[in-house]
Amino acid sequence: MLSLDALLASLTARPNPDALIASFVPPVRFAGKRFRKYQPDPRFPSQSAALEHLRKLAADLIRRSRRRLLRQLQAAMGQGRRGGGTYLDGGFGVGKTHLLASLWNVAPGPKAYLSFDELVYTLGLLGVAGTRSAFRQMRLVAVDEWELDDPGNLKLALAFLRGALEDGTWVVATSNTVPDELGRGRFSQKDFAAEIEELASSFEVIRIEGEDFRHRHFQADPGREYFMDPDALVESARTVGEGVLLVSFRELLLALGTIHPIRYADLADAIRSLHLQGMSPLTSLPEALRWVHWIDKLYDGGVRFVASSESPLGELIPAEFLAGAYGKKFGRCLSRMEEMLGEGAMAPSPTG
């Protein structure tokens, strides 16, 4: 059985920049996604339209890659072809990330796939110029969950976009918010109207309508039935085998506050099955936002997640958080937790 203290101690203080860039590929849950596996809901034609649009974009990226010598000559003469931006906007659970990963999987390299949080961290680690240099040869940069929490993120994102488009890179992003509404309720949009307008104008927006697919497979807003009895949870952890972490909810929350969120992926990668004891409502906004990021990494990594809880799932995130500026982020978190807890409850325990 794993020890949380040992896992935290195994994390390096600062990732190697080259290793970090090389790690930007689709996570386990989305590594095998392909366009043919996407099943549009016939009630929402925008899903089929988005699928067809990205297939055409993939074909265009392939054609562009075959003109490599011409592109190199044009770049040397200062006449390189400008890149572009595509923005997949829609609610959670409509397949945006599936489509993004599918595009990445068929697009020619070099290419990168990362979350917006990882992009912001990289910009902080390498600087704007260093990040531009690291991504300069990329034909495609796929950015999942593009969102702006503060003016600093806005300025970094805009600087990245300017450089990427000038260098001929195509940037494709997913988000739950249309570009010109990014940051609403989190900082004064009026003070940064020009920056938001420039960022929004860099993208062609593809709207994807639909219902959360997870509710088509798992009961909406489940109560305690997706949680295990506390004693059964402990017994289950003892019989799993290697790679299981049995830890209290409060202890894990405190630990997440001691490391940078960019390391959450490395922490999740070391865990095969997370057995979480005594979940309870999140009352601190910073803790709740860290929890959202942690759930994203568990979800992406395909980590089995089972838990006991003092409250139904629908009550773990307060109503005021769901109604606030980060409401879409928290809604996505609950949706993903519902899916993972459902999978964890039904899946046989991993062994060895």
# chains A, B, ... in the order shown; residues from 1 in each chain; ligands from 1
$ residues_around --residues "A:Asp191" --least-positions-apart "4" --cutoff "12 Å" --atoms "only C-alpha atoms" --output "ChimeraX atom specification"
/A:150-151,154,183-184,187,195-197
$ residues_around --residues "A:Met337" --least-positions-apart "2" --cutoff "10 Å" --atoms "only C-alpha atoms" --output "number ranges by chain"
A: 292, 295-296, 298-299, 305-306, 313, 331-335, 339-343
$ write_last_selection --atoms "all heavy atoms" --output "short mmCIF file (atom, residue, chain, number, x, y, z; two decimals), in the first residue's frame"
data_model
loop_
_atom_site.label_atom_id
_atom_site.label_comp_id
_atom_site.auth_asym_id
_atom_site.auth_seq_id
_atom_site.Cartn_x
_atom_site.Cartn_y
_atom_site.Cartn_z
N VAL A 292 -10.74 20.56 -7.63
CA VAL A 292 -11.14 20.47 -9.04
C VAL A 292 -9.95 20.05 -9.90
O VAL A 292 -10.06 19.16 -10.75
CB VAL A 292 -11.69 21.83 -9.53
CG1 VAL A 292 -11.83 21.84 -11.05
CG2 VAL A 292 -13.03 22.12 -8.89
N ILE A 295 -9.09 16.35 -9.27
CA ILE A 295 -10.04 15.45 -9.91
C ILE A 295 -9.76 15.37 -11.41
O ILE A 295 -9.84 14.30 -12.03
CB ILE A 295 -11.49 15.91 -9.64
CG1 ILE A 295 -11.88 15.60 -8.21
CG2 ILE A 295 -12.47 15.26 -10.62
CD1 ILE A 295 -11.91 14.11 -7.86
N ASP A 296 -9.42 16.51 -12.03
CA ASP A 296 -9.08 16.50 -13.46
C ASP A 296 -7.93 15.55 -13.73
O ASP A 296 -7.93 14.81 -14.73
CB ASP A 296 -8.72 17.91 -13.93
CG ASP A 296 -9.93 18.81 -14.12
OD1 ASP A 296 -11.06 18.28 -14.18
OD2 ASP A 296 -9.74 20.04 -14.18
N LEU A 298 -6.87 12.95 -11.81
CA LEU A 298 -7.30 11.57 -11.59
C LEU A 298 -8.10 11.07 -12.79
O LEU A 298 -7.93 9.94 -13.27
CB LEU A 298 -8.17 11.47 -10.34
CG LEU A 298 -7.52 11.67 -8.97
CD1 LEU A 298 -8.57 11.51 -7.88
CD2 LEU A 298 -6.38 10.69 -8.74
N TYR A 299 -8.99 11.92 -13.27
CA TYR A 299 -9.85 11.56 -14.41
C TYR A 299 -9.01 11.31 -15.66
O TYR A 299 -9.15 10.28 -16.32
CB TYR A 299 -10.84 12.69 -14.64
CG TYR A 299 -11.86 12.41 -15.73
CD1 TYR A 299 -12.99 11.66 -15.45
CD2 TYR A 299 -11.69 12.93 -17.01
CE1 TYR A 299 -13.94 11.41 -16.44
CE2 TYR A 299 -12.63 12.69 -18.00
CZ TYR A 299 -13.75 11.93 -17.72
OH TYR A 299 -14.67 11.69 -18.70
N PHE A 305 -11.19 5.38 -8.50
CA PHE A 305 -11.52 6.26 -7.38
C PHE A 305 -12.73 5.71 -6.65
O PHE A 305 -13.82 5.60 -7.21
CB PHE A 305 -11.80 7.67 -7.92
CG PHE A 305 -12.20 8.69 -6.89
CD1 PHE A 305 -11.66 8.67 -5.61
CD2 PHE A 305 -13.11 9.69 -7.20
CE1 PHE A 305 -12.04 9.62 -4.66
CE2 PHE A 305 -13.49 10.64 -6.27
CZ PHE A 305 -12.95 10.60 -4.99
N VAL A 306 -12.54 5.33 -5.39
CA VAL A 306 -13.63 4.90 -4.53
C VAL A 306 -13.52 5.66 -3.22
O VAL A 306 -12.43 6.08 -2.82
CB VAL A 306 -13.61 3.37 -4.28
CG1 VAL A 306 -13.95 2.61 -5.55
CG2 VAL A 306 -12.26 2.93 -3.75
N LEU A 313 -23.05 13.15 -2.97
CA LEU A 313 -22.14 13.80 -3.92
C LEU A 313 -22.59 15.22 -4.23
O LEU A 313 -21.78 16.16 -4.28
CB LEU A 313 -22.05 12.98 -5.20
CG LEU A 313 -21.22 13.56 -6.34
CD1 LEU A 313 -19.78 13.78 -5.91
CD2 LEU A 313 -21.28 12.66 -7.56
N GLY A 331 -19.07 22.46 -11.72
CA GLY A 331 -20.01 21.54 -12.35
C GLY A 331 -19.31 20.43 -13.08
O GLY A 331 -19.72 19.26 -13.03
N ARG A 332 -18.23 20.77 -13.79
CA ARG A 332 -17.43 19.75 -14.48
C ARG A 332 -16.84 18.77 -13.48
O ARG A 332 -16.82 17.56 -13.71
CB ARG A 332 -16.31 20.42 -15.28
CG ARG A 332 -15.46 19.45 -16.08
CD ARG A 332 -14.29 20.14 -16.76
NE ARG A 332 -13.21 20.44 -15.85
CZ ARG A 332 -12.71 21.64 -15.64
NH1 ARG A 332 -13.22 22.68 -16.28
NH2 ARG A 332 -11.71 21.83 -14.80
N CYS A 333 -16.39 19.28 -12.34
CA CYS A 333 -15.81 18.44 -11.31
C CYS A 333 -16.82 17.42 -10.79
O CYS A 333 -16.52 16.22 -10.68
CB CYS A 333 -15.29 19.30 -10.17
SG CYS A 333 -14.59 18.37 -8.78
N LEU A 334 -18.03 17.87 -10.49
CA LEU A 334 -19.07 16.95 -10.01
C LEU A 334 -19.41 15.91 -11.08
O LEU A 334 -19.61 14.73 -10.77
CB LEU A 334 -20.32 17.73 -9.62
CG LEU A 334 -20.27 18.48 -8.28
CD1 LEU A 334 -21.54 19.31 -8.10
CD2 LEU A 334 -20.08 17.53 -7.11
N SER A 335 -19.47 16.35 -12.33
CA SER A 335 -19.77 15.43 -13.42
C SER A 335 -18.69 14.35 -13.53
O SER A 335 -19.00 13.16 -13.68
CB SER A 335 -19.87 16.21 -14.73
OG SER A 335 -20.06 15.35 -15.83
N GLU A 339 -18.86 10.17 -12.74
CA GLU A 339 -18.43 9.10 -13.63
C GLU A 339 -17.39 8.21 -12.96
O GLU A 339 -17.48 6.97 -13.03
CB GLU A 339 -17.85 9.70 -14.92
CG GLU A 339 -17.39 8.63 -15.90
CD GLU A 339 -16.85 9.20 -17.19
OE1 GLU A 339 -16.84 10.43 -17.36
OE2 GLU A 339 -16.42 8.40 -18.05
N MET A 340 -16.40 8.81 -12.32
CA MET A 340 -15.34 8.01 -11.71
C MET A 340 -15.85 7.15 -10.56
O MET A 340 -15.46 5.98 -10.43
CB MET A 340 -14.20 8.92 -11.23
CG MET A 340 -13.39 9.51 -12.34
SD MET A 340 -11.86 10.29 -11.75
CE MET A 340 -12.51 11.64 -10.79
N LEU A 341 -16.69 7.72 -9.71
CA LEU A 341 -17.23 6.94 -8.60
C LEU A 341 -18.10 5.81 -9.12
O LEU A 341 -18.11 4.70 -8.55
CB LEU A 341 -18.02 7.84 -7.66
CG LEU A 341 -17.18 8.81 -6.81
CD1 LEU A 341 -18.07 9.87 -6.18
CD2 LEU A 341 -16.40 8.05 -5.74
N GLY A 342 -18.83 6.06 -10.21
CA GLY A 342 -19.61 5.00 -10.82
C GLY A 342 -18.73 3.90 -11.37
O GLY A 342 -19.00 2.70 -11.18
N GLU A 343 -17.67 4.29 -12.06
CA GLU A 343 -16.73 3.30 -12.59
C GLU A 343 -16.07 2.52 -11.45
O GLU A 343 -15.91 1.30 -11.52
CB GLU A 343 -15.66 4.00 -13.42
CG GLU A 343 -16.15 4.58 -14.73
CD GLU A 343 -15.08 5.39 -15.44
OE1 GLU A 343 -14.10 5.82 -14.78
OE2 GLU A 343 -15.22 5.62 -16.64
#
$ residues_around --residues "A:Gly95" --least-positions-apart "5" --cutoff "12 Å" --atoms "only C-alpha atoms" --output "compact mmCIF listing (two decimals) with C-alpha atoms, in the first residue's frame"
# COMPACT_ATOMS: atom_id res chain seq x y z
CA PHE A 30 -7.92 10.18 -23.97
CA LYS A 33 -9.58 8.62 -28.79
CA ARG A 34 -10.29 8.75 -32.51
CA PHE A 35 -12.82 10.58 -34.64
CA LYS A 37 -15.21 6.62 -31.87
CA TYR A 38 -17.04 9.90 -31.33
CA GLN A 39 -20.79 9.33 -31.36
CA PRO A 40 -22.69 12.57 -32.04
CA ASP A 41 -26.09 12.89 -30.42
CA SER A 46 -23.68 20.91 -33.78
CA GLN A 47 -21.90 17.76 -32.58
CA SER A 48 -21.77 16.27 -36.09
CA ALA A 50 -17.90 19.97 -35.02
CA LEU A 51 -16.71 16.46 -35.87
CA LEU A 88 -14.42 24.36 -29.08
CA ASP A 89 -17.03 25.91 -26.81
CA GLY A 90 -19.68 23.91 -25.00
CA LEU A 100 -9.48 17.54 -29.23
CA ALA A 101 -7.55 14.34 -28.50
CA SER A 102 -8.81 12.78 -31.75
CA ASP A 144 -7.76 21.55 -22.94
CA THR A 174 -11.63 23.59 -25.48
CA SER A 175 -13.60 25.60 -22.95
CA ASN A 176 -16.92 25.87 -21.16
CA ARG A 207 -20.13 25.78 -30.54
CA ILE A 208 -21.03 22.23 -29.42
CA GLU A 209 -24.49 21.85 -27.91
CA GLY A 210 -25.67 18.83 -25.98
CA GLU A 211 -26.30 17.12 -22.67
CA ASP A 212 -23.66 15.80 -20.29
CA PHE A 213 -23.01 12.29 -21.65
CA ARG A 214 -22.11 11.06 -18.17
$ residues_around --residues "A:Phe160" --least-positions-apart "2" --cutoff "8 Å" --atoms "only C-alpha atoms" --output "VMD selection string"
chain A and resid 128 131 to 132 156 to 158 162 to 164
$ write_last_selection --atoms "all heavy atoms" --output "PDB file, in the first residue's frame"
ATOM      1  N   VAL A 128       7.866  33.859 -21.522  1.00  0.00           N
ATOM      2  CA  VAL A 128       7.153  33.918 -22.788  1.00  0.00           C
ATOM      3  C   VAL A 128       8.077  33.570 -23.955  1.00  0.00           C
ATOM      4  O   VAL A 128       7.734  32.768 -24.832  1.00  0.00           O
ATOM      5  CB  VAL A 128       6.521  35.308 -22.990  1.00  0.00           C
ATOM      6  CG1 VAL A 128       5.947  35.444 -24.404  1.00  0.00           C
ATOM      7  CG2 VAL A 128       5.437  35.564 -21.950  1.00  0.00           C
ATOM      8  N   THR A 131       9.078  29.822 -23.839  1.00  0.00           N
ATOM      9  CA  THR A 131       7.964  28.965 -24.237  1.00  0.00           C
ATOM     10  C   THR A 131       7.741  29.041 -25.742  1.00  0.00           C
ATOM     11  O   THR A 131       7.514  28.022 -26.401  1.00  0.00           O
ATOM     12  CB  THR A 131       6.684  29.380 -23.493  1.00  0.00           C
ATOM     13  OG1 THR A 131       6.906  29.290 -22.078  1.00  0.00           O
ATOM     14  CG2 THR A 131       5.518  28.482 -23.873  1.00  0.00           C
ATOM     15  N   ARG A 132       7.846  30.239 -26.295  1.00  0.00           N
ATOM     16  CA  ARG A 132       7.682  30.378 -27.742  1.00  0.00           C
ATOM     17  C   ARG A 132       8.747  29.575 -28.475  1.00  0.00           C
ATOM     18  O   ARG A 132       8.449  28.893 -29.468  1.00  0.00           O
ATOM     19  CB  ARG A 132       7.754  31.843 -28.145  1.00  0.00           C
ATOM     20  CG  ARG A 132       7.592  32.056 -29.650  1.00  0.00           C
ATOM     21  CD  ARG A 132       7.540  33.526 -30.027  1.00  0.00           C
ATOM     22  NE  ARG A 132       7.374  33.699 -31.458  1.00  0.00           N
ATOM     23  CZ  ARG A 132       7.268  34.873 -32.061  1.00  0.00           C
ATOM     24  NH1 ARG A 132       7.291  35.993 -31.333  1.00  0.00           N
ATOM     25  NH2 ARG A 132       7.120  34.944 -33.369  1.00  0.00           N
ATOM     26  N   LEU A 156      -0.574  36.393 -20.183  1.00  0.00           N
ATOM     27  CA  LEU A 156       0.284  35.278 -20.590  1.00  0.00           C
ATOM     28  C   LEU A 156      -0.314  34.536 -21.780  1.00  0.00           C
ATOM     29  O   LEU A 156       0.385  34.198 -22.739  1.00  0.00           O
ATOM     30  CB  LEU A 156       0.494  34.313 -19.424  1.00  0.00           C
ATOM     31  CG  LEU A 156       1.422  34.773 -18.301  1.00  0.00           C
ATOM     32  CD1 LEU A 156       1.388  33.789 -17.144  1.00  0.00           C
ATOM     33  CD2 LEU A 156       2.857  34.941 -18.808  1.00  0.00           C
ATOM     34  N   ALA A 157      -1.625  34.274 -21.709  1.00  0.00           N
ATOM     35  CA  ALA A 157      -2.286  33.556 -22.793  1.00  0.00           C
ATOM     36  C   ALA A 157      -2.206  34.341 -24.099  1.00  0.00           C
ATOM     37  O   ALA A 157      -1.974  33.777 -25.176  1.00  0.00           O
ATOM     38  CB  ALA A 157      -3.744  33.288 -22.425  1.00  0.00           C
ATOM     39  N   LEU A 158      -2.397  35.639 -24.021  1.00  0.00           N
ATOM     40  CA  LEU A 158      -2.357  36.479 -25.211  1.00  0.00           C
ATOM     41  C   LEU A 158      -0.950  36.520 -25.801  1.00  0.00           C
ATOM     42  O   LEU A 158      -0.772  36.431 -27.030  1.00  0.00           O
ATOM     43  CB  LEU A 158      -2.834  37.888 -24.862  1.00  0.00           C
ATOM     44  CG  LEU A 158      -3.128  38.829 -26.032  1.00  0.00           C
ATOM     45  CD1 LEU A 158      -4.099  38.185 -27.015  1.00  0.00           C
ATOM     46  CD2 LEU A 158      -3.692  40.140 -25.507  1.00  0.00           C
ATOM     47  N   ARG A 162      -0.049  35.207 -29.598  1.00  0.00           N
ATOM     48  CA  ARG A 162       0.600  36.061 -30.593  1.00  0.00           C
ATOM     49  C   ARG A 162       1.800  35.359 -31.205  1.00  0.00           C
ATOM     50  O   ARG A 162       1.963  35.308 -32.435  1.00  0.00           O
ATOM     51  CB  ARG A 162       1.036  37.364 -29.943  1.00  0.00           C
ATOM     52  CG  ARG A 162      -0.087  38.330 -29.608  1.00  0.00           C
ATOM     53  CD  ARG A 162       0.431  39.453 -28.730  1.00  0.00           C
ATOM     54  NE  ARG A 162      -0.596  40.447 -28.387  1.00  0.00           N
ATOM     55  CZ  ARG A 162      -0.515  41.267 -27.354  1.00  0.00           C
ATOM     56  NH1 ARG A 162       0.565  41.238 -26.565  1.00  0.00           N
ATOM     57  NH2 ARG A 162      -1.475  42.127 -27.102  1.00  0.00           N
ATOM     58  N   GLY A 163       2.663  34.807 -30.349  1.00  0.00           N
ATOM     59  CA  GLY A 163       3.862  34.138 -30.844  1.00  0.00           C
ATOM     60  C   GLY A 163       3.544  32.890 -31.643  1.00  0.00           C
ATOM     61  O   GLY A 163       4.128  32.652 -32.714  1.00  0.00           O
ATOM     62  N   ALA A 164       2.605  32.068 -31.130  1.00  0.00           N
ATOM     63  CA  ALA A 164       2.279  30.817 -31.809  1.00  0.00           C
ATOM     64  C   ALA A 164       1.713  31.069 -33.200  1.00  0.00           C
ATOM     65  O   ALA A 164       2.103  30.410 -34.179  1.00  0.00           O
ATOM     66  CB  ALA A 164       1.286  30.016 -30.960  1.00  0.00           C
TER      67      ALA A 164
END
$ residues_around --residues "A:Thr258" --least-positions-apart "6" --cutoff "12 Å" --atoms "only C-alpha atoms" --output "number ranges by chain"
A: 5, 8-9, 11, 13, 251-252, 264, 287, 290
$ select_by_dssp --residues "stretch 33-125 of chain A" --states "alpha helix (DSSP H)" --output "PyMOL selection string"
chain A and resi 45-65+68-76+96-106+116-125
$ write_last_selection --atoms "C-alpha atoms" --output "compact mmCIF listing (two decimals), in the first residue's frame"
# COMPACT_ATOMS: atom_id res chain seq x y z
CA PRO A 45 -26.53 18.70 -35.02
CA SER A 46 -23.68 20.91 -33.78
CA GLN A 47 -21.90 17.76 -32.58
CA SER A 48 -21.77 16.27 -36.09
CA ALA A 49 -20.79 19.67 -37.47
CA ALA A 50 -17.90 19.97 -35.02
CA LEU A 51 -16.71 16.46 -35.87
CA GLU A 52 -16.70 17.26 -39.59
CA HIS A 53 -14.97 20.60 -39.01
CA LEU A 54 -12.11 19.00 -37.08
CA ARG A 55 -11.72 16.24 -39.64
CA LYS A 56 -11.25 18.91 -42.29
CA LEU A 57 -8.79 20.75 -40.05
CA ALA A 58 -6.79 17.54 -39.59
CA ALA A 59 -6.64 17.07 -43.37
CA ASP A 60 -5.49 20.67 -43.79
CA LEU A 61 -2.74 20.23 -41.18
CA ILE A 62 -1.54 17.13 -43.01
CA ARG A 63 -1.45 19.02 -46.32
CA ARG A 64 0.45 21.88 -44.69
CA SER A 65 3.03 19.45 -43.29
CA ARG A 68 7.69 21.52 -45.34
CA LEU A 69 10.49 22.67 -47.65
CA LEU A 70 8.38 25.50 -49.06
CA ARG A 71 7.40 26.56 -45.55
CA GLN A 72 11.03 26.60 -44.42
CA LEU A 73 12.02 28.76 -47.39
CA GLN A 74 9.13 31.14 -46.76
CA ALA A 75 10.02 31.39 -43.09
CA ALA A 76 13.62 32.18 -43.96
CA LYS A 96 -14.98 18.46 -26.59
CA THR A 97 -11.92 16.74 -25.11
CA HIS A 98 -12.64 13.57 -27.09
CA LEU A 99 -12.59 15.62 -30.29
CA LEU A 100 -9.48 17.54 -29.23
CA ALA A 101 -7.55 14.34 -28.50
CA SER A 102 -8.81 12.78 -31.75
CA LEU A 103 -7.46 15.74 -33.71
CA TRP A 104 -4.11 15.53 -31.93
CA ASN A 105 -3.86 11.79 -32.60
CA VAL A 106 -4.18 12.16 -36.38
CA PHE A 116 -4.44 25.46 -19.92
CA ASP A 117 -3.05 25.23 -16.37
CA GLU A 118 0.00 23.43 -17.74
CA LEU A 119 0.42 26.09 -20.41
CA VAL A 120 0.35 28.88 -17.81
CA TYR A 121 2.82 26.98 -15.63
CA THR A 122 5.17 26.50 -18.60
CA LEU A 123 4.98 30.20 -19.41
CA GLY A 124 5.93 30.93 -15.81
CA LEU A 125 8.75 28.38 -15.83
$ closest_residue --among "A:Ala268, A:Met228, A:Leu114, A:Leu282" --to "A:Val244" --atoms "only C-alpha atoms"
A:Ala268
$ residues_around --residues "A:Pro110" --least-positions-apart "3" --cutoff "10 Å" --atoms "only C-alpha atoms" --output "list of chain:residue names"
A:Ser65, A:Ala107, A:Phe135, A:Arg136, A:Gln137, A:Met138, A:Arg139, A:Leu140, A:Val141
$ residues_around --residues "A:Ala142" --least-positions-apart "4" --cutoff "6 Å" --atoms "only C-alpha atoms" --output "number ranges by chain"
A: 113, 171-173
$ closest_residue --among "A:Trp294, A:Gly278, A:Ala307, A:Glu204" --to "A:Ser236" --atoms "only C-alpha atoms"
A:Ala307
